[in-house]
Structure formats: C-alpha cells, structure tokens
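Peer 1: Sending over model.tsv (TSV, C-alpha atoms).
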chain	number	residue	atom	x	y	z
B	484	MET	CA	30.45	255.40	50.82
B	485	VAL	CA	29.21	252.18	52.49
B	486	SER	CA	26.56	252.81	55.10
B	487	GLN	CA	26.81	251.42	58.61
B	488	GLU	CA	24.01	248.96	57.87
B	489	GLN	CA	25.68	247.74	54.68
B	490	ARG	CA	28.96	247.33	56.58
B	491	ARG	CA	27.23	245.32	59.26
B	492	ARG	CA	25.67	243.02	56.66
B	493	GLN	CA	29.02	242.60	54.89
B	494	LEU	CA	30.73	241.61	58.13
B	495	ALA	CA	27.91	239.18	58.89
B	496	ARG	CA	28.32	237.53	55.46
B	497	GLU	CA	32.08	237.24	55.91
B	498	LYS	CA	31.59	235.68	59.35
B	499	PHE	CA	29.09	233.21	57.89
B	500	LEU	CA	31.50	232.29	55.09
B	501	ARG	CA	34.32	231.73	57.59
B	502	GLN	CA	32.06	229.47	59.67
B	503	GLN	CA	31.12	227.50	56.57
B	504	GLN	CA	34.77	227.10	55.63
B	505	ARG	CA	35.65	225.90	59.14
B	506	ARG	CA	32.77	223.40	59.09
B	507	THR	CA	33.78	222.13	55.64
B	508	SER	CA	37.39	221.79	56.78
B	509	ALA	CA	36.28	220.00	59.96
B	510	ARG	CA	34.12	217.59	57.97
B	511	ARG	CA	37.00	216.90	55.56
B	512	LYS	CA	39.37	216.18	58.45
B	513	ALA	CA	36.78	213.96	60.13
B	514	ASN	CA	36.21	212.00	56.93
B	515	MET	CA	39.94	211.55	56.44
B	516	ARG	CA	40.35	210.43	60.06
B	517	ASN	CA	37.51	207.94	59.72
B	518	SER	CA	38.96	206.60	56.48
B	519	VAL	CA	42.33	206.04	58.15
B	520	ILE	CA	40.68	204.32	61.10
B	521	ALA	CA	38.65	202.10	58.78
B	522	SER	CA	41.75	201.26	56.79
B	523	VAL	CA	43.69	200.33	59.92
B	524	LEU	CA	40.81	198.20	61.16
B	525	GLY	CA	40.68	196.47	57.79
B	526	VAL	CA	44.36	195.57	58.03
B	527	VAL	CA	43.91	194.28	61.58
B	528	VAL	CA	40.93	192.16	60.59
B	529	ILE	CA	42.66	190.75	57.54
B	530	GLY	CA	45.80	190.08	59.57
B	531	SER	CA	43.77	188.36	62.28
B	532	VAL	CA	42.07	186.11	59.75
B	533	ALA	CA	45.43	185.27	58.19
B	534	LEU	CA	46.87	184.41	61.58
B	535	TYR	CA	43.89	182.28	62.46
B	536	THR	CA	44.01	180.46	59.15
B	537	THR	CA	47.73	179.87	59.54
B	538	GLY	CA	47.12	178.54	63.01
B	539	VAL	CA	44.47	176.14	61.79
B	540	LEU	CA	46.69	174.86	58.97
B	541	LYS	CA	49.63	174.48	61.31
B	542	ASN	CA	47.56	172.56	63.82
B	543	ASP	CA	46.23	170.37	61.03
B	544	ASP	CA	49.76	169.73	59.75
B	545	ASP	CA	50.90	168.97	63.28
B	546	LYS	CA	48.11	166.45	63.64
B	547	LYS	CA	49.09	164.79	60.35
B	548	THR	CA	52.76	164.79	61.29
B	549	ASN	CA	52.10	163.24	64.66
B	550	ALA	CA	49.43	160.79	63.53
B	551	SER	CA	52.04	158.12	62.87
B	552	ALA	CA	53.65	158.81	66.25
B	553	ASP	CA	50.49	157.95	68.22
B	554	VAL	CA	51.13	154.24	68.28
B	555	THR	CA	50.11	153.85	71.93
B	556	PRO	CA	47.26	155.39	73.94
B	557	SER	CA	49.79	157.18	76.16
B	558	ALA	CA	51.64	158.87	73.29
B	559	THR	CA	51.37	162.65	73.02
B	560	PRO	CA	51.56	164.77	69.84
B	561	SER	CA	55.06	165.90	70.76
B	562	SER	CA	56.37	162.44	71.66
B	563	LYS	CA	58.38	160.36	69.23
B	564	ALA	CA	57.13	156.88	68.45
B	565	PRO	CA	59.18	154.18	70.15
B	566	ASP	CA	61.57	152.32	67.87
B	567	PRO	CA	59.80	149.04	67.03
B	568	CYS	CA	63.01	147.32	65.93
B	569	ALA	CA	65.88	145.57	67.69
B	570	LYS	CA	69.52	146.61	67.77
B	571	PRO	CA	71.53	145.63	64.70
B	572	ALA	CA	73.71	142.54	64.82
B	573	ALA	CA	77.44	143.09	65.20
B	574	GLY	CA	79.35	143.36	61.96
B	575	SER	CA	80.60	145.75	59.31
B	576	ILE	CA	79.42	146.66	55.82
B	577	ALA	CA	81.29	145.13	52.89
B	578	LYS	CA	83.42	147.55	50.90
B	579	GLU	CA	84.03	145.52	47.72
B	580	THR	CA	82.63	146.68	44.37
B	581	TRP	CA	82.82	145.24	40.86
B	582	LYS	CA	83.25	146.80	37.44
B	583	LYS	CA	81.04	144.40	35.50
B	584	GLU	CA	77.71	142.67	36.03
B	585	PRO	CA	78.35	139.12	37.25
B	586	ALA	CA	78.15	136.31	34.73
B	587	MET	CA	74.87	134.41	34.67
B	588	SER	CA	75.11	131.57	37.19
B	589	ILE	CA	71.53	130.90	38.29
B	590	ASP	CA	69.13	128.37	36.79
B	591	THR	CA	66.59	130.64	35.11
B	592	SER	CA	64.02	127.84	35.07
B	593	ALA	CA	64.21	127.29	38.83
B	594	LYS	CA	62.51	129.08	41.71
B	595	TYR	CA	64.50	131.32	44.01
B	596	THR	CA	63.60	133.10	47.22
B	597	MET	CA	65.32	135.88	49.12
B	598	LYS	CA	65.20	136.34	52.87
B	599	LEU	CA	65.99	139.66	54.48
B	600	ALA	CA	66.68	139.08	58.16
B	601	THR	CA	66.19	142.63	59.45
B	602	THR	CA	66.24	144.23	62.88
B	603	CYS	CA	62.46	144.62	62.53
B	604	GLY	CA	61.71	141.03	61.50
B	605	ASP	CA	62.19	138.67	58.58
B	606	ILE	CA	60.96	139.64	55.12
B	607	GLY	CA	60.53	136.74	52.70
B	608	ILE	CA	60.49	137.41	48.97
B	609	ALA	CA	59.59	135.09	46.10
B	610	LEU	CA	61.85	136.09	43.21
B	611	LYS	CA	60.67	136.32	39.59
B	612	THR	CA	63.60	134.42	38.15
B	613	SER	CA	62.44	133.77	34.60
B	614	ALA	CA	60.97	137.28	34.17
B	615	ALA	CA	63.97	139.16	35.62
B	616	PRO	CA	66.98	136.83	35.29
B	617	HIS	CA	69.67	139.55	35.30
B	618	THR	CA	68.23	141.11	38.44
B	619	VAL	CA	67.82	137.83	40.32
B	620	ASN	CA	71.29	136.69	39.26
B	621	SER	CA	72.76	139.96	40.55
B	622	PHE	CA	71.00	139.63	43.90
B	623	ASP	CA	72.13	136.01	44.21
B	624	PHE	CA	75.72	137.15	43.58
B	625	LEU	CA	75.60	140.14	45.95
B	626	ALA	CA	73.89	138.24	48.76
B	627	ALA	CA	76.53	135.51	48.55
B	628	LYS	CA	79.22	138.19	48.89
B	629	GLY	CA	77.52	139.62	52.00
B	630	PHE	CA	77.00	142.93	50.19
B	631	PHE	CA	73.63	143.68	51.85
B	632	ASP	CA	74.59	142.54	55.34
B	633	HIS	CA	74.54	145.28	58.03
B	634	THR	CA	73.21	147.90	55.59
B	635	LYS	CA	70.46	150.34	56.54
B	636	CYS	CA	67.19	150.77	54.70
B	637	HIS	CA	67.68	154.49	54.22
B	638	ARG	CA	64.39	155.79	52.84
B	639	LEU	CA	60.72	155.53	53.79
B	640	THR	CA	57.89	157.26	51.93
B	641	THR	CA	54.50	157.63	53.58
B	642	ASN	CA	52.71	160.09	51.30
B	643	GLY	CA	51.77	159.55	47.64
B	644	ILE	CA	53.87	156.42	47.27
B	645	TYR	CA	54.48	153.89	50.02
B	646	VAL	CA	57.85	152.21	49.87
B	647	LEU	CA	60.85	151.27	51.97
B	648	GLN	CA	64.12	151.60	50.04
B	649	CYS	CA	67.16	149.51	50.86
B	650	GLY	CA	70.34	148.10	49.33
B	651	ASP	CA	72.71	151.06	49.62
B	652	PRO	CA	75.92	150.34	51.55
B	653	THR	CA	76.47	154.09	52.12
B	654	GLY	CA	73.05	154.46	53.78
B	655	VAL	CA	72.30	157.77	52.05
B	656	GLY	CA	71.01	156.69	48.63
B	657	SER	CA	74.15	157.16	46.56
B	658	GLY	CA	75.83	153.77	46.76
B	659	GLY	CA	75.87	150.66	44.59
B	660	PRO	CA	77.87	147.59	43.57
B	661	GLY	CA	79.95	149.38	40.93
B	662	TYR	CA	78.02	147.99	37.97
B	663	THR	CA	74.53	148.38	36.54
B	664	ILE	CA	72.00	145.86	35.24
B	665	PRO	CA	69.38	146.16	32.50
B	666	ASP	CA	65.73	146.95	33.13
B	667	GLU	CA	63.51	143.87	33.00
B	668	ASN	CA	59.90	142.76	33.32
B	669	LEU	CA	58.43	146.24	32.83
B	670	LYS	CA	55.30	144.72	31.29
B	671	ASP	CA	54.61	142.50	34.28
B	672	ALA	CA	50.92	141.65	34.59
B	673	SER	CA	50.83	143.12	38.11
B	674	LEU	CA	51.67	146.63	36.87
B	675	LYS	CA	48.26	147.90	35.83
B	676	GLY	CA	47.26	151.53	35.53
B	677	ASN	CA	50.73	152.84	36.45
B	678	LYS	CA	50.53	151.26	39.87
B	679	TYR	CA	52.94	149.07	41.80
B	680	PRO	CA	50.74	146.96	44.09
B	681	ALA	CA	51.48	146.27	47.74
B	682	GLY	CA	53.90	143.37	48.10
B	683	THR	CA	56.03	144.30	45.06
B	684	VAL	CA	59.82	144.37	45.23
B	685	ALA	CA	61.36	146.51	42.49
B	686	MET	CA	64.68	148.03	41.49
B	687	ALA	CA	65.49	151.66	42.14
B	688	ASN	CA	67.32	153.58	39.40
B	689	THR	CA	68.62	157.03	38.50
B	690	GLY	CA	65.65	157.88	36.31
B	691	GLN	CA	67.50	156.71	33.20
B	692	LYS	CA	67.14	153.34	31.49
B	693	HIS	CA	69.27	150.40	32.61
B	694	THR	CA	70.76	152.13	35.66
B	695	GLY	CA	69.73	149.65	38.36
B	696	GLY	CA	72.47	148.61	40.77
B	697	SER	CA	71.85	147.22	44.25
B	698	GLN	CA	69.17	149.57	45.59
B	699	PHE	CA	65.63	148.26	45.66
B	700	PHE	CA	62.30	149.19	47.20
B	701	LEU	CA	59.61	147.24	49.02
B	702	VAL	CA	56.04	148.41	48.38
B	703	TYR	CA	53.85	148.11	51.48
B	704	LYS	CA	50.79	149.85	50.00
B	705	ASP	CA	49.57	150.32	46.42
B	706	SER	CA	51.70	153.10	44.90
B	707	PRO	CA	51.16	155.10	41.69
B	708	LEU	CA	54.39	154.82	39.69
B	709	PRO	CA	55.22	154.57	36.00
B	710	PRO	CA	56.42	151.11	34.87
B	711	SER	CA	60.07	152.13	34.88
B	712	TYR	CA	61.35	150.05	37.80
B	713	THR	CA	62.08	146.35	37.37
B	714	PRO	CA	59.62	144.31	39.47
B	715	PHE	CA	61.53	141.20	40.50
B	716	GLY	CA	59.84	139.79	43.60
B	717	THR	CA	56.77	139.47	45.79
B	718	ILE	CA	56.79	139.92	49.58
B	719	ASP	CA	55.19	137.28	51.80
B	720	ALA	CA	52.43	138.02	54.34
B	721	ALA	CA	54.82	138.05	57.30
B	722	GLY	CA	57.09	140.47	55.49
B	723	LEU	CA	54.21	142.87	54.80
B	724	LYS	CA	53.43	142.93	58.53
B	725	VAL	CA	57.05	143.88	59.20
B	726	LEU	CA	56.78	146.71	56.66
B	727	ASP	CA	53.53	147.95	58.20
B	728	LYS	CA	55.30	148.12	61.58
B	729	ILE	CA	58.14	150.14	60.06
B	730	ALA	CA	55.74	152.47	58.26
B	731	ALA	CA	53.70	153.06	61.43
B	732	ALA	CA	56.80	154.49	63.12
B	733	GLY	CA	57.00	157.15	60.38
B	734	GLU	CA	59.95	158.96	58.84
B	735	ASN	CA	62.17	161.69	60.19
B	736	THR	CA	61.11	164.72	58.13
B	737	GLY	CA	57.37	164.69	58.78
B	738	ALA	CA	56.87	165.46	55.07
B	739	GLY	CA	56.37	161.88	53.97
B	740	ASP	CA	59.81	161.16	52.52
B	741	GLY	CA	62.88	160.64	54.68
B	742	ALA	CA	64.84	158.18	56.75
B	743	PRO	CA	62.65	155.75	58.70
B	744	ASN	CA	62.30	156.45	62.41
B	745	ALA	CA	62.60	152.72	62.96
B	746	THR	CA	66.14	151.34	62.94
B	747	VAL	CA	65.83	149.17	59.83
B	748	VAL	CA	69.04	147.24	59.20
B	749	ILE	CA	69.45	144.13	57.09
B	750	ASN	CA	71.45	141.86	59.37
B	751	LYS	CA	71.68	139.16	56.71
B	752	ALA	CA	70.39	138.69	53.15
B	753	THR	CA	70.27	135.24	51.62
B	754	VAL	CA	69.08	133.96	48.23
B	755	THR	CA	68.07	130.33	48.06
B	756	LYS	CA	67.20	128.03	45.18
B	757	SER	CA	64.10	126.01	45.98
Represent the structure contained in this file as structure tokens.

Peer 2:
Amino acid sequence: MVSQEQRRRQLAREKFLRQQQRRTSARRKANMRNSVIASVLGVVVIGSVALYTTGVLKNDDDKKTNASADVTPSATPSSKAPDPCAKPAAGSIAKETWKKEPAMSIDTSAKYTMKLATTCGDIGIALKTSAAPHTVNSFDFLAAKGFFDHTKCHRLTTNGIYVLQCGDPTGVGSGGPGYTIPDENLKDASLKGNKYPAGTVAMANTGQKHTGGSQFFLVYKDSPLPPSYTPFGTIDAAGLKVLDKIAAAGENTGAGDGAPNATVVINKATVTKS
C-alpha cells in the first residue's frame, strides 16, 4: 500500500508534469502566433515595396509620355500638346488604282525634286533618280495623278526608330496604288551600319522583297534599320524642321508608335524635273 507521504509526492510530480505540459503548449502556441505575425508582416512589407516600385515606374512612364507634350512653359503633364499644324485644304482623296507599274517616262539622267505641301509646312526632297529610277518614276506618275493629295501621314515613331510614314490613301497603313515596284538602291553609300540617317526618304514595304507601293517614310533622326527599304530621296533643311515640329507633338499611343498628334496632311505633292 502507498503511504500518505508517497501519495503526496506522486500528486506533486503529476502537478509539476501538468504545469510543464501547459508551459510547453503555451510556448508552442506563442511561437506559432509569432510566426504567423511575422509572415503577415513580411507580405505587407513586400506588397508595400511592390506598390512603391510600381508607383515609381508609373510616374517615370508618365513623365516620358508627357515629355513631348510639354512644348510650352504653361503645359501640364495631363495637357495635350497643341496641334502645330493648320487645317487641311479642301478636297477629296483620289480613288483610282492601277494594276501595273507605270511605264518608264522620266529622264533617268536628269535631276528631279518632290515637294510635299503639308498642313505643317513644305517638305522639299531631292530625288535619287539614277539610283532608284523605278521608284522616282512611280512617284512622278502618282503625283501627277493627284494620288497623294489630301492624304494623311498616318504613322509617327518616336522610340527606337524616328520616322513619319505617309502615302496611304486609306490613312491606316493598308492602302496602295494597286501595283508594286522593285527594291532599289539598297547599297546606297548613306546606309552604313544598318542605319538610315536623318533626312532619308525611303519606301515602306510588307517585309517581303519588291513589295513597295506608294507608302514611304521620312527619317527625322538617325534610325537603326536593316537595308531593306529603298532610299530614294533626301529631305532639305526646311523639311527637317517641319518634321521636328511634328515629332515634338508626339503620337497618340504614348508608346512611341502611333498616329501623329499633329494633323499631318499632304495638301499637294508635286514632282518636278530640274
């Protein structure tokens, strides 16, 4: 039989063990609670950093987007740059197209110039007749037919490459004269290091060989491009100033490739033999 003293000691040990178990359980719960709290705090901190970073990038993007809009001291980041161009002349876009490239009718040994009278100012272009005879002949033909008159320059790029694209009667980049012309002058001395220098006028195409039509682009700043686009003219100093004015107004997407904010319309295109 267990004595009273032994029973007392046994009860004391059991009480001690229960206390130890409660303390161990309490510590375990406390550790778990602290771990959860730390985990939650970690998520909050990480989330806060992410939000801050996103905010910084957004503000930076906003600054870049609106940089071209700040053309006057009074402009605000949310204001749109004023249109630097005049209203287009009255008239309608020609609808005629042709199935075949026009027969050669220019004097390939002579000098020709093209003048684009636009709503933003005149752009004079010295044409490279002997180096790109098919292209110059086509432009002489189309200009005489009034094909370019009243057409919009539908695309402006302000990031990576720096061009204004024109010559599409539909105004969306899908139109042409109905025929195509061959690529020419792709080894022009000006095309060095896969770069089209400022002042170049070149043909747009579909990305395939010999698919030029009526669309062309005007380079207002040196642009890295492969020599796949027929260079057929050089823009005069006054014309480059007009292009700089158009570029300063920016394009409508804010991403560097879209329709120009300026109302760029070719009121009249003429090709002249000099």

Peer 1: From the options B:Leu726, B:Val754, B:Leu647, B:Ala721, which residue's atoms come nearest to Asp740 of chain B, counting only C-alpha atoms?

Peer 2: B:Leu647

Peer 1: Name the closest residue to Ser613 of chain B among the candidates B:Thr640, B:Glu579, B:Asn668, B:Leu625; distances are taken between atoms, counting all atoms listed in the file.

Peer 2: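 When distances to Ser613 of chain B are compared using all atoms listed in the file, the smallest one comes from B:Asn668.
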
Peer 1: Using only C-alpha atoms, which residue out of B:Gly658, B:Pro707, B:Gly695, B:Gly643 lies closest to Asn677 of chain B?

Peer 2: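 Smallest separation from Asn677 of chain B among the options: B:Pro707.
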
Peer 1: Figure out the distance between atom CA of Val684 of chain B and atom CA of Pro571 of chain B, please, to one decimal in Å.

Peer 2: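 It comes out at 22.8 Å.
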
Peer 1: I'd like the contact shell of Asp666 of chain B - 10 Å cut-off, all atoms listed in the file, skipping same-chain residues fewer than 3 positions apart - returned as a ChimeraX atom specification.

Peer 2: /B:615,617-618,663,669,686,688,691-695,711-714

Peer 1: Would you work out the distance separating atom CA of Met587 of chain B from atom CA of Lys628 of chain B, expressed in Å to one decimal?

Peer 2: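 Result for atom CA of Met587 of chain B versus atom CA of Lys628 of chain B: 15.3 Å, one decimal.
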
Peer 1: Considering all atoms listed in the file, can you say which of B:Ser757, B:Gly659, B:Pro616, B:Asp605 comes closest to Thr580 of chain B?

Peer 2: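 Closest candidate: B:Gly659.
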